[in-house]
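S.K.: Here you go, this is run_10.txt (compact mmCIF, C-alpha atoms and all ligand atoms).
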```
# COMPACT_ATOMS: atom_id res chain seq x y z
CA LEU A 13 182.95 41.24 -0.86
CA ALA A 14 181.07 40.60 -4.05
CA THR A 15 183.05 43.05 -6.18
CA ASN A 16 185.39 41.19 -8.43
CA SER A 17 185.74 43.43 -11.43
CA ILE A 18 187.00 46.99 -11.79
CA ASP A 19 183.69 47.79 -13.55
CA ASN A 20 181.94 47.28 -10.23
CA PHE A 21 183.78 50.18 -8.61
CA GLU A 22 181.25 52.90 -9.33
CA PHE A 23 180.79 56.44 -8.11
CA PRO A 24 177.79 56.75 -5.81
CA ASP A 25 174.87 59.02 -6.76
CA LEU A 26 176.26 62.43 -5.82
CA ASP A 27 172.92 64.23 -5.98
CA GLY A 28 170.72 61.88 -3.95
CA SER A 29 168.41 63.11 -1.22
CA ILE A 30 169.09 63.06 2.51
CA ASP A 31 167.22 60.28 4.28
CA LEU A 32 165.97 61.74 7.55
CA SER A 33 164.12 58.55 8.53
CA LEU A 34 167.33 57.07 9.90
CA GLN A 35 167.51 59.22 13.01
CA SER A 36 165.48 61.62 15.16
CA ASP A 37 164.90 65.27 14.25
CA ASP A 38 167.11 66.26 17.19
CA PHE A 39 169.96 64.19 15.79
CA TRP A 40 169.86 66.02 12.45
CA LYS A 41 169.56 69.39 14.16
CA LYS A 42 172.62 68.59 16.26
CA CYS A 43 174.52 67.57 13.11
CA LEU A 44 173.45 70.75 11.32
CA LYS A 45 174.77 72.82 14.21
CA GLU A 46 178.06 70.93 14.21
CA MET A 47 178.58 71.20 10.46
CA LEU A 48 177.74 74.89 10.47
CA TYR A 49 180.07 75.41 13.41
CA ILE A 50 182.92 73.71 11.54
CA ARG A 51 182.19 75.71 8.37
CA MET A 52 182.04 79.02 10.20
CA CYS A 53 185.33 78.22 11.97
CA GLU A 54 186.97 77.40 8.62
CA VAL A 55 185.68 80.59 7.00
CA LYS A 56 186.95 82.58 9.97
CA ILE A 57 190.35 80.86 9.78
CA ALA A 58 190.52 81.70 6.05
CA SER A 59 189.92 85.36 6.79
CA LEU A 60 192.38 85.46 9.72
CA LYS A 61 194.99 83.84 7.50
CA SER A 62 194.41 86.29 4.65
CA GLU A 63 194.86 89.14 7.13
CA GLY A 64 198.22 87.69 8.21
CA LEU A 65 197.04 86.87 11.74
CA ILE A 66 197.98 83.16 11.51
CA SER A 67 201.59 82.44 10.69
CA GLY A 68 201.63 78.75 9.70
CA PRO A 69 199.83 77.17 6.74
CA VAL A 70 196.18 76.09 7.11
CA HIS A 71 194.44 73.37 5.08
CA LEU A 72 190.72 74.05 5.12
CA ALA A 73 188.01 71.43 4.77
CA ALA A 74 185.01 73.65 3.96
CA GLY A 75 182.76 71.45 1.80
CA GLN A 76 183.83 68.20 3.48
CA GLU A 77 182.04 68.63 6.86
CA ALA A 78 179.54 65.78 6.47
CA ILE A 79 182.30 63.17 6.67
CA ALA A 80 183.73 64.16 10.06
CA THR A 81 180.22 64.79 11.40
CA GLY A 82 178.71 61.52 10.12
CA VAL A 83 181.62 59.33 11.23
CA SER A 84 182.00 61.04 14.64
CA ALA A 85 178.30 60.46 15.39
CA ASN A 86 179.23 56.77 15.78
CA LEU A 87 182.35 57.23 17.90
CA ASN A 88 183.03 57.22 21.64
CA SER A 89 185.44 59.52 23.45
CA ASN A 90 187.70 56.55 24.25
CA ASP A 91 188.16 55.54 20.60
CA HIS A 92 191.42 56.54 18.92
CA ILE A 93 191.08 59.07 16.11
CA PHE A 94 193.93 60.04 13.80
CA SER A 95 194.05 62.64 11.07
CA ALA A 96 196.49 64.31 8.70
CA HIS A 97 197.11 67.86 7.49
CA ARG A 98 193.45 68.78 6.78
CA SER A 99 192.13 68.08 10.24
CA HIS A 100 190.16 70.96 11.76
CA ALA A 101 186.81 69.29 11.01
CA HIS A 102 187.91 65.95 12.53
CA PHE A 103 189.10 67.76 15.64
CA LEU A 104 185.95 69.88 16.07
CA ALA A 105 183.52 67.04 15.28
CA LEU A 106 184.79 65.23 18.40
CA ASN A 107 183.49 68.12 20.53
CA SER A 108 186.93 69.57 20.91
CA ASP A 109 186.95 73.20 21.96
CA PRO A 110 187.48 75.69 19.09
CA TYR A 111 189.36 77.86 21.61
CA LEU A 112 192.11 75.19 21.69
CA LEU A 113 192.19 75.28 17.88
CA PHE A 114 192.38 79.08 17.58
CA ALA A 115 194.96 79.34 20.37
CA GLU A 116 197.09 76.78 18.53
CA LEU A 117 196.74 78.62 15.22
CA PHE A 118 197.85 81.84 16.93
CA GLY A 119 200.85 80.00 18.44
CA LYS A 120 199.65 80.50 22.01
CA LYS A 121 200.72 78.55 25.07
CA THR A 122 197.10 77.49 25.68
CA GLY A 123 196.68 75.87 22.25
CA ALA A 124 195.95 72.22 21.50
CA SER A 125 199.71 71.58 21.19
CA LYS A 126 200.86 74.32 23.55
CA GLY A 127 201.37 76.66 20.59
CA MET A 128 204.26 74.55 19.28
CA GLY A 129 202.63 72.89 16.29
CA GLY A 130 199.99 74.97 14.54
CA SER A 131 197.22 73.66 12.32
CA MET A 132 198.92 70.39 11.37
CA HIS A 133 199.80 69.24 14.90
CA LEU A 134 196.50 69.29 16.77
CA TRP A 135 195.89 67.03 19.73
CA ASP A 136 193.02 66.48 22.13
CA GLY A 137 193.48 63.26 24.10
CA SER A 138 190.36 63.88 26.21
CA ASN A 139 188.16 63.41 23.13
CA GLY A 140 190.23 60.65 21.59
CA PHE A 141 191.86 62.93 19.01
CA ASN A 142 195.31 61.42 18.72
CA GLY A 143 196.60 63.99 16.38
CA SER A 144 197.11 65.47 13.01
CA VAL A 145 200.49 65.39 11.27
CA PRO A 146 201.69 66.96 8.01
CA ILE A 147 203.35 63.82 6.65
CA VAL A 148 200.92 62.33 4.14
CA ALA A 149 199.87 58.84 5.39
CA GLY A 150 202.08 59.35 8.47
CA THR A 151 199.34 58.51 10.98
CA VAL A 152 198.04 55.48 9.08
CA PRO A 153 200.43 52.88 10.58
CA ILE A 154 200.19 54.54 14.01
CA ALA A 155 196.41 54.12 13.93
CA LEU A 156 196.95 50.44 13.18
CA GLY A 157 199.09 50.19 16.33
CA ALA A 158 196.31 51.79 18.39
CA ALA A 159 193.73 49.42 16.90
CA LEU A 160 195.90 46.38 17.60
CA ALA A 161 196.39 47.47 21.22
CA GLU A 162 192.61 47.44 21.64
CA LYS A 163 192.33 44.06 19.96
CA PHE A 164 194.88 42.61 22.39
CA ARG A 165 192.90 44.12 25.29
CA SER A 166 189.73 42.56 23.86
CA SER A 167 187.95 45.89 24.22
CA GLU A 168 185.24 47.32 21.98
CA ARG A 169 187.28 50.43 21.32
CA ILE A 170 188.32 51.08 17.77
CA ALA A 171 190.75 53.30 15.87
CA VAL A 172 189.81 55.54 12.96
CA VAL A 173 192.22 57.11 10.53
CA TYR A 174 191.22 59.88 8.14
CA PHE A 175 193.38 60.43 5.06
CA GLY A 176 193.05 61.85 1.56
CA ASP A 177 193.12 60.23 -1.86
CA GLY A 178 196.79 61.32 -2.12
CA ALA A 179 197.71 59.08 0.81
CA VAL A 180 197.12 55.90 -1.20
CA GLU A 181 200.17 56.93 -3.21
CA GLU A 182 202.37 56.24 -0.18
CA GLY A 183 203.76 52.73 0.29
CA VAL A 184 202.99 52.64 4.00
CA MET A 185 199.28 52.83 3.21
CA HIS A 186 199.46 49.48 1.44
CA GLU A 187 201.61 47.87 4.13
CA THR A 188 199.07 49.01 6.71
CA LEU A 189 196.05 47.75 4.76
CA ASN A 190 197.71 44.39 4.43
CA LEU A 191 198.74 44.05 8.06
CA ALA A 192 195.41 45.37 9.35
CA ARG A 193 193.61 42.67 7.37
CA VAL A 194 195.95 39.85 8.30
CA LEU A 195 195.75 40.75 12.02
CA GLU A 196 192.04 41.68 11.85
CA ALA A 197 192.59 45.02 13.55
CA PRO A 198 189.52 47.06 14.57
CA LEU A 199 190.57 49.96 12.38
CA LEU A 200 188.32 52.07 10.18
CA PHE A 201 190.14 53.62 7.24
CA VAL A 202 188.29 56.75 6.11
CA CYS A 203 189.44 58.09 2.77
CA GLU A 204 188.19 61.60 2.03
CA ASN A 205 188.48 61.38 -1.71
CA ASN A 206 188.24 65.04 -2.75
CA LEU A 207 189.75 64.11 -6.14
CA PHE A 208 192.85 66.25 -5.65
CA SER A 209 196.27 65.82 -4.13
CA SER A 210 197.64 69.34 -3.81
CA HIS A 211 196.85 70.76 -7.27
CA MET A 212 196.73 67.52 -9.23
CA HIS A 213 193.48 65.77 -10.13
CA ILE A 214 193.30 62.05 -9.42
CA SER A 215 192.78 61.24 -13.12
CA LEU A 216 196.37 62.43 -13.73
CA ARG A 217 197.76 60.28 -10.92
CA GLN A 218 195.80 57.04 -10.92
CA PRO A 219 194.34 54.65 -13.51
CA HIS A 220 190.98 54.76 -11.68
CA GLN A 221 189.37 57.48 -9.55
CA LEU A 222 188.07 55.26 -6.74
CA VAL A 223 190.60 54.12 -4.18
CA SER A 224 188.47 51.43 -2.54
CA ARG A 225 190.01 49.03 -4.98
CA PHE A 226 193.01 48.94 -2.64
CA ALA A 227 190.73 47.79 0.20
CA PHE A 228 189.28 45.14 -2.07
CA SER A 229 192.72 43.89 -3.09
CA ASN A 230 193.41 43.28 0.60
CA LEU A 231 189.97 41.65 1.07
CA ILE A 232 188.84 44.45 3.37
CA GLU A 233 185.13 45.25 3.55
CA PHE A 234 184.47 48.69 2.07
CA GLU A 235 181.71 51.18 1.32
CA ILE A 236 181.81 54.05 -1.17
CA VAL A 237 179.55 56.94 -0.16
CA ASP A 238 178.57 60.41 -1.26
CA GLY A 239 180.68 62.28 1.29
CA ASN A 240 178.44 65.34 0.94
CA ASN A 241 175.30 63.43 1.93
CA LEU A 242 175.19 63.30 5.72
CA SER A 243 172.66 60.45 5.96
CA ASP A 244 174.70 58.35 3.55
CA VAL A 245 177.90 58.87 5.57
CA THR A 246 176.16 58.30 8.92
CA ARG A 247 174.44 55.10 7.84
CA LYS A 248 177.43 53.45 6.16
CA SER A 249 179.92 54.43 8.84
CA SER A 250 177.54 53.19 11.52
CA GLN A 251 177.30 49.79 9.80
CA LEU A 252 181.07 49.48 9.48
CA ILE A 253 181.81 50.71 13.01
CA ASN A 254 179.24 48.41 14.65
CA LYS A 255 180.82 45.51 12.88
CA LEU A 256 184.31 46.53 13.96
CA ARG A 257 183.21 46.73 17.60
CA LYS A 258 181.47 43.35 17.53
CA SER A 259 183.63 41.20 15.33
CA GLY A 260 186.84 43.03 14.61
CA GLY A 261 188.03 44.49 11.37
CA PRO A 262 189.34 46.26 9.49
CA ALA A 263 186.90 48.23 7.31
CA PHE A 264 187.26 50.98 4.71
CA LEU A 265 185.00 53.93 3.99
CA GLU A 266 185.59 55.98 0.87
CA ALA A 267 183.74 59.29 0.91
CA ILE A 268 183.63 61.27 -2.33
CA THR A 269 183.79 64.99 -1.71
CA TYR A 270 185.35 68.27 -2.79
CA ARG A 271 187.01 71.14 -0.98
CA HIS A 272 185.79 74.68 -1.53
CA TYR A 273 189.15 76.33 -0.88
CA GLY A 274 192.35 75.52 -2.71
CA HIS A 275 194.94 73.13 -1.29
CA VAL A 276 196.33 75.47 1.33
CA ASP A 277 195.29 78.75 2.97
CA TRP A 278 192.35 80.91 1.88
CA ARG A 279 192.70 81.07 -1.89
CA ILE A 280 190.35 79.22 -4.23
CA ASP A 281 193.17 78.06 -6.56
CA ILE A 282 191.38 78.29 -9.87
CA ASP A 283 194.39 79.81 -11.60
CA VAL A 284 197.28 77.93 -9.96
CA GLY A 285 196.17 74.39 -10.44
CA ILE A 286 195.61 72.13 -13.33
CA TYR A 287 192.02 71.00 -13.85
CA ARG A 288 190.39 72.93 -11.02
CA SER A 289 187.89 74.87 -13.06
CA GLN A 290 185.32 77.42 -11.97
CA GLU A 291 182.71 75.19 -13.56
CA ASP A 292 183.67 72.17 -11.41
CA LEU A 293 183.72 74.33 -8.33
CA SER A 294 180.19 75.61 -9.10
CA ILE A 295 178.88 72.06 -9.58
CA TRP A 296 180.39 70.97 -6.27
CA ARG A 297 179.16 74.08 -4.47
CA SER A 298 175.65 73.08 -5.52
CA ARG A 299 176.28 69.80 -3.65
CA ASP A 300 177.24 71.63 -0.45
CA PRO A 301 176.60 69.16 2.42
CA ILE A 302 175.29 71.85 4.77
CA GLU A 303 172.93 73.43 2.25
CA ARG A 304 171.55 70.02 1.34
CA LEU A 305 170.76 69.13 4.95
CA LEU A 306 169.42 72.57 5.68
CA LYS A 307 167.09 72.53 2.67
CA LYS A 308 165.77 69.12 3.63
CA LEU A 309 165.14 70.12 7.25
CA ILE A 310 163.25 73.23 6.12
CA GLN A 311 161.30 71.26 3.52
CA GLU A 312 160.18 68.81 6.22
CA SER A 313 159.27 71.71 8.55
CA ILE A 314 161.78 70.54 11.17
CA ILE A 315 163.40 73.98 11.22
CA ASP A 316 162.62 77.35 9.68
CA GLN A 317 164.59 80.34 8.47
CA LYS A 318 164.36 82.04 11.87
CA TYR A 319 165.96 78.97 13.50
CA VAL A 320 168.82 79.16 10.98
CA SER A 321 169.45 82.87 11.58
CA GLU A 322 169.49 82.37 15.35
CA LEU A 323 171.86 79.42 14.97
CA HIS A 324 174.22 81.60 12.91
CA GLU A 325 174.15 84.29 15.58
CA GLU A 326 174.76 81.79 18.39
CA LEU A 327 177.72 80.19 16.61
CA ASP A 328 179.18 83.50 15.53
CA LEU A 329 179.23 84.62 19.15
CA LEU A 330 180.84 81.36 20.33
CA ILE A 331 183.55 81.60 17.65
CA ASN A 332 184.27 85.27 18.27
CA ASN A 333 184.55 84.65 22.01
CA ALA A 334 186.95 81.74 21.42
CA ILE A 335 189.09 83.94 19.15
CA LYS A 336 189.09 86.87 21.57
CA LYS A 337 190.13 84.64 24.46
CA ALA A 338 192.87 82.96 22.39
CA GLU A 339 194.21 86.27 21.07
CA SER A 340 194.91 87.62 24.53
CA ASP A 341 196.68 84.45 25.72
CA PRO A 342 200.48 84.40 26.20
CA GLU A 343 202.90 82.88 23.73
CA PRO A 344 205.21 80.05 24.88
CA ASP A 345 208.37 81.13 26.71
CA MET A 346 211.86 80.28 25.49
CA SER A 347 212.07 77.78 28.38
CA ASP A 348 209.08 75.92 26.87
CA MET A 349 211.31 74.99 23.93
CA MET A 350 212.94 72.24 25.98
CA ARG A 351 209.74 70.88 27.54
CA ASN A 352 207.71 67.96 26.16
CA LEU A 353 210.73 66.42 24.47
CA PHE A 354 211.80 62.81 24.68
CA SER A 355 215.23 62.40 26.16
CA GLY A 356 216.88 59.11 27.08
CA GLY A 357 213.56 57.27 27.01
CA LYS A 358 211.98 59.79 29.39
CA THR A 359 209.82 62.80 28.67
CA ALA A 360 211.67 65.95 29.65
CA GLU A 361 208.68 67.36 31.57
C1 LIG B 401 205.14 62.19 2.61
C2 LIG B 401 204.67 63.52 2.07
N1 LIG B 401 204.75 63.74 0.73
C3 LIG B 401 204.32 64.92 0.21
C4 LIG B 401 203.82 65.89 1.05
C5 LIG B 401 203.32 67.22 0.48
N2 LIG B 401 201.85 67.24 0.53
C6 LIG B 401 201.19 67.83 1.55
S1 LIG B 401 199.54 67.68 1.41
C7 LIG B 401 199.68 66.84 -0.04
C8 LIG B 401 198.47 66.39 -0.78
C9 LIG B 401 197.70 65.36 -0.08
O1 LIG B 401 196.53 65.09 -0.79
P1 LIG B 401 195.42 64.21 -0.13
O2 LIG B 401 196.04 63.10 0.62
O3 LIG B 401 194.47 63.84 -1.20
O4 LIG B 401 194.74 65.18 0.94
P2 LIG B 401 193.93 66.52 0.68
O5 LIG B 401 194.94 67.63 0.74
O6 LIG B 401 193.28 66.43 -0.64
O7 LIG B 401 192.96 66.61 1.79
C10 LIG B 401 201.02 66.66 -0.39
C11 LIG B 401 201.48 65.96 -1.58
C12 LIG B 401 203.78 65.63 2.43
N3 LIG B 401 203.29 66.51 3.29
N4 LIG B 401 204.17 64.43 2.91
MG MG B 402 192.73 64.77 -1.76
```
As structure tokens, please, write out the structure in this file.
Ligand SMILES: Cc1ncc(C[n+]2csc(CCOP(=O)(O)OP(=O)(O)O)c2C)c(N)n1
Ligand SMILES: [Mg+2]

M.R.:
Amino acid sequence: LATNSIDNFEFPDLDGSIDLSLQSDDFWKKCLKEMLYIRMCEVKIASLKSEGLISGPVHLAAGQEAIATGVSANLNSNDHIFSAHRSHAHFLALNSDPYLLFAELFGKKTGASKGMGGSMHLWDGSNGFNGSVPIVAGTVPIALGAALAEKFRSSERIAVVYFGDGAVEEGVMHETLNLARVLEAPLLFVCENNLFSSHMHISLRQPHQLVSRFAFSNLIEFEIVDGNNLSDVTRKSSQLINKLRKSGGPAFLEAITYRHYGHVDWRIDIDVGIYRSQEDLSIWRSRDPIERLLKKLIQESIIDQKYVSELHEELDLLINNAIKKAESDPEPDMSDMMRNLFSGGKTAE
């Protein structure tokens, strides 16, 4: 932890190149497929929402895919992953079935939360996805509990919690950072700093745009990465996660990114917000994490345009099949209302 002055908290190079030497060609191709899959699901969700086919709100992460993909590449299915309201990418990057996601968005009995929660209450225990919740910073202390349980079991399992830059404006975030450090919990904090909390830019909310300074003030090891550069995210998260598994934690990864859609649903939010300009959006679109990886893979002759078109077709079919299957599923019955509730210390079925 060499940083001891606020001047040392610097934005990473946001236009650097992707370093393919880190991993095999197959690894990058798998990541490309995953990122494209997530993006195509998000775009589909945006259009279903605009057509009125999804009733609850959806927070889309198009533009932020490299973070979930890069971090998840270093995780095991028995790690404990927590998210917040913008969680589709985190869910899908753990190999969770998009059918479970679509069924949940449609409020169907077969959904990831039995159709009871919608976009902000996803769950897939089999892949370690311990849930999204709408309460900003709500999962942060819960993730600490999961990490501490693993520490007490002396296992190599870790917990990861994704949150946005807005979450550092909640007191519980700071209590958790402090306790995680004091108890050396194997917890990776992943801040997706997309510079906005709802419609307000971070420069209007904070004296400095990088939030890693809160990790530093708790003497927690941190890395600040270009969240739209997949090799940057993969390398830095791998270093932090390996250390957590071997010698405990915590650690903090701040990934700078930007969302293509507005705060909620399918709109772009140029006109509603303050300081979300078309110009900024164009700059950030030119830093699209998928386009950057794709360009590099084509440049290095690892894939060609035909490969990309076939990949699109394959994913389109998978997504449409998942949607079709979910659409024809039944909704929960009235009797389901009383199931899965805690009552007198017991789960009522
Ligand atoms: C405790 C709490 N306060 C306020 C809200 C309303 N709210 C929902 S999302 C959000 C913005 C969160 O911004 P950030 O954490 O940066 O995540 P992002 O939406 O940018 O991914 C706010 C204020 C909430 N859900 N919970
Ligand atoms: Mg944000």

S.K.: Taking only C-alpha atoms and all ligand atoms into account, which residues have an atom no farther than 9 Å from ligand MG 402 (chain B)? I'd like them as a list in words.

M.R.: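 Written in the requested form, the residues are Phe175, Gly176, Asp177, Gly178, Ala179, Cys203, Glu204, Asn205, Asn206, Leu207, Phe208, Ser209, Ser210, Met212, His213, Ile214, Thr269, Tyr270, Arg271 and His275 of chain A.
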
S.K.: Which polymer residues have any atom within 12 Å of an atom of Lys307 of chain A, counting all atoms listed in the file, with same-chain residues fewer than 4 positions away left out, as a list in words?

M.R.: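 Contacts, in chain order: Ser29, Ile30, Leu32, Leu44, Ser298, Arg299, Asp300, Pro301, Ile302, Glu303, Gln311, Glu312, Ser313, Ile314, Ile315, Asp316, Gln317 and Val320 of chain A.
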
S.K.: Kindly provide, as lines of an AutoDock Vina configuration file, the centre and edge lengths (Å, one decimal) of an axis-aligned box around all atoms of segment 333-339 of chain A given in the file, with 6 Å on each side.

M.R.:
```
center_x = 189.4
center_y = 84.3
center_z = 21.8
size_x = 21.7
size_y = 17.1
size_z = 17.3
```

S.K.: Atom CA of Asp328 of chain A to atom S1 of ligand LIG 401 (chain B): how many Å, to one decimal?

M.R.: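 These atoms are spaced 29.4 Å apart.
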
S.K.: Would you please work out which residue, of A:Ala101, A:Leu60, A:Ile282, A:Leu156, is nearest to ligand LIG 401 (chain B) when using only C-alpha atoms and all ligand atoms?

M.R.: A:Ala101

S.K.: Which residues come within 6 Å of segment 75-82 of chain A, counting only C-alpha atoms, excluding same-chain residues fewer than 3 positions away, as a PyMOL selection string?

M.R.: chain A and resi 47+85+102+105+239-240+242+245-246+271-272+300

S.K.: Which is closest to Leu265 of chain A among A:Leu189, A:Ala334, A:Ile236, A:Met346, if we use all atoms listed in the file?

M.R.: A:Ile236

S.K.: Which residues come within 7 Å of Val237 of chain A, counting all atoms listed in the file, excluding same-chain residues fewer than 4 positions away, as a list of chain:residue names?

M.R.: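 Using all atoms listed in the file, the neighbours found are A:Pro24, A:Asp244, A:Val245, A:Glu266, A:Ala267, A:Ile268.
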
S.K.: Can you measure atom CA of Ser229 of chain A to atom CA of Leu252 of chain A for me? One decimal in Å is fine.

M.R.: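 Those two atoms sit 18.0 Å apart.
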
S.K.: Which residue is closest to Asn88 of chain A? Choose from A:Glu343, A:Asp31, A:Glu168, A:Glu63 and count all atoms listed in the file.

M.R.: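 Closest residue, counting all atoms listed in the file: A:Glu168.
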
S.K.: Generate the missing atoms of segment 74-82 of chain A up to all heavy atoms and report them as a PDB file, in the frame of the given file.

M.R.:
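So the final result, stored in selection_16.pdb, reads:
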```
ATOM      1  N   ALA A  74     186.373  73.179   4.258  1.00  0.00           N
ATOM      2  CA  ALA A  74     185.010  73.650   3.960  1.00  0.00           C
ATOM      3  C   ALA A  74     184.501  72.857   2.753  1.00  0.00           C
ATOM      4  O   ALA A  74     185.194  72.748   1.744  1.00  0.00           O
ATOM      5  CB  ALA A  74     185.022  75.138   3.662  1.00  0.00           C
ATOM      6  N   GLY A  75     183.321  72.295   2.868  1.00  0.00           N
ATOM      7  CA  GLY A  75     182.760  71.450   1.800  1.00  0.00           C
ATOM      8  C   GLY A  75     182.818  69.975   2.169  1.00  0.00           C
ATOM      9  O   GLY A  75     182.109  69.159   1.585  1.00  0.00           O
ATOM     10  N   GLN A  76     183.643  69.627   3.136  1.00  0.00           N
ATOM     11  CA  GLN A  76     183.830  68.200   3.480  1.00  0.00           C
ATOM     12  C   GLN A  76     183.252  67.859   4.870  1.00  0.00           C
ATOM     13  O   GLN A  76     183.517  66.785   5.399  1.00  0.00           O
ATOM     14  CB  GLN A  76     185.333  67.868   3.470  1.00  0.00           C
ATOM     15  CG  GLN A  76     186.038  68.199   2.161  1.00  0.00           C
ATOM     16  CD  GLN A  76     187.475  67.678   2.040  1.00  0.00           C
ATOM     17  OE1 GLN A  76     188.080  67.810   0.990  1.00  0.00           O
ATOM     18  NE2 GLN A  76     188.033  67.104   3.095  1.00  0.00           N
ATOM     19  N   GLU A  77     182.453  68.769   5.446  1.00  0.00           N
ATOM     20  CA  GLU A  77     182.040  68.630   6.860  1.00  0.00           C
ATOM     21  C   GLU A  77     181.211  67.393   7.168  1.00  0.00           C
ATOM     22  O   GLU A  77     181.219  66.893   8.305  1.00  0.00           O
ATOM     23  CB  GLU A  77     181.247  69.858   7.303  1.00  0.00           C
ATOM     24  CG  GLU A  77     182.000  71.175   7.273  1.00  0.00           C
ATOM     25  CD  GLU A  77     181.944  71.880   5.925  1.00  0.00           C
ATOM     26  OE1 GLU A  77     181.502  71.266   4.933  1.00  0.00           O
ATOM     27  OE2 GLU A  77     182.354  73.045   5.863  1.00  0.00           O
ATOM     28  N   ALA A  78     180.447  66.895   6.183  1.00  0.00           N
ATOM     29  CA  ALA A  78     179.540  65.780   6.470  1.00  0.00           C
ATOM     30  C   ALA A  78     180.300  64.503   6.835  1.00  0.00           C
ATOM     31  O   ALA A  78     179.768  63.630   7.531  1.00  0.00           O
ATOM     32  CB  ALA A  78     178.624  65.519   5.281  1.00  0.00           C
ATOM     33  N   ILE A  79     181.546  64.403   6.404  1.00  0.00           N
ATOM     34  CA  ILE A  79     182.300  63.170   6.670  1.00  0.00           C
ATOM     35  C   ILE A  79     182.680  63.095   8.144  1.00  0.00           C
ATOM     36  O   ILE A  79     182.360  62.119   8.837  1.00  0.00           O
ATOM     37  CB  ILE A  79     183.542  63.079   5.749  1.00  0.00           C
ATOM     38  CG1 ILE A  79     183.101  63.199   4.287  1.00  0.00           C
ATOM     39  CG2 ILE A  79     184.289  61.765   5.982  1.00  0.00           C
ATOM     40  CD1 ILE A  79     184.231  63.447   3.308  1.00  0.00           C
ATOM     41  N   ALA A  80     183.340  64.146   8.636  1.00  0.00           N
ATOM     42  CA  ALA A  80     183.730  64.160  10.060  1.00  0.00           C
ATOM     43  C   ALA A  80     182.485  64.056  10.941  1.00  0.00           C
ATOM     44  O   ALA A  80     182.479  63.316  11.932  1.00  0.00           O
ATOM     45  CB  ALA A  80     184.489  65.444  10.367  1.00  0.00           C
ATOM     46  N   THR A  81     181.426  64.769  10.570  1.00  0.00           N
ATOM     47  CA  THR A  81     180.220  64.790  11.400  1.00  0.00           C
ATOM     48  C   THR A  81     179.533  63.415  11.395  1.00  0.00           C
ATOM     49  O   THR A  81     179.166  62.897  12.450  1.00  0.00           O
ATOM     50  CB  THR A  81     179.262  65.894  10.907  1.00  0.00           C
ATOM     51  OG1 THR A  81     179.948  67.140  11.010  1.00  0.00           O
ATOM     52  CG2 THR A  81     177.987  65.955  11.726  1.00  0.00           C
ATOM     53  N   GLY A  82     179.387  62.825  10.230  1.00  0.00           N
ATOM     54  CA  GLY A  82     178.710  61.520  10.120  1.00  0.00           C
ATOM     55  C   GLY A  82     179.492  60.410  10.791  1.00  0.00           C
ATOM     56  O   GLY A  82     178.923  59.564  11.501  1.00  0.00           O
TER      57      GLY A  82
END
```
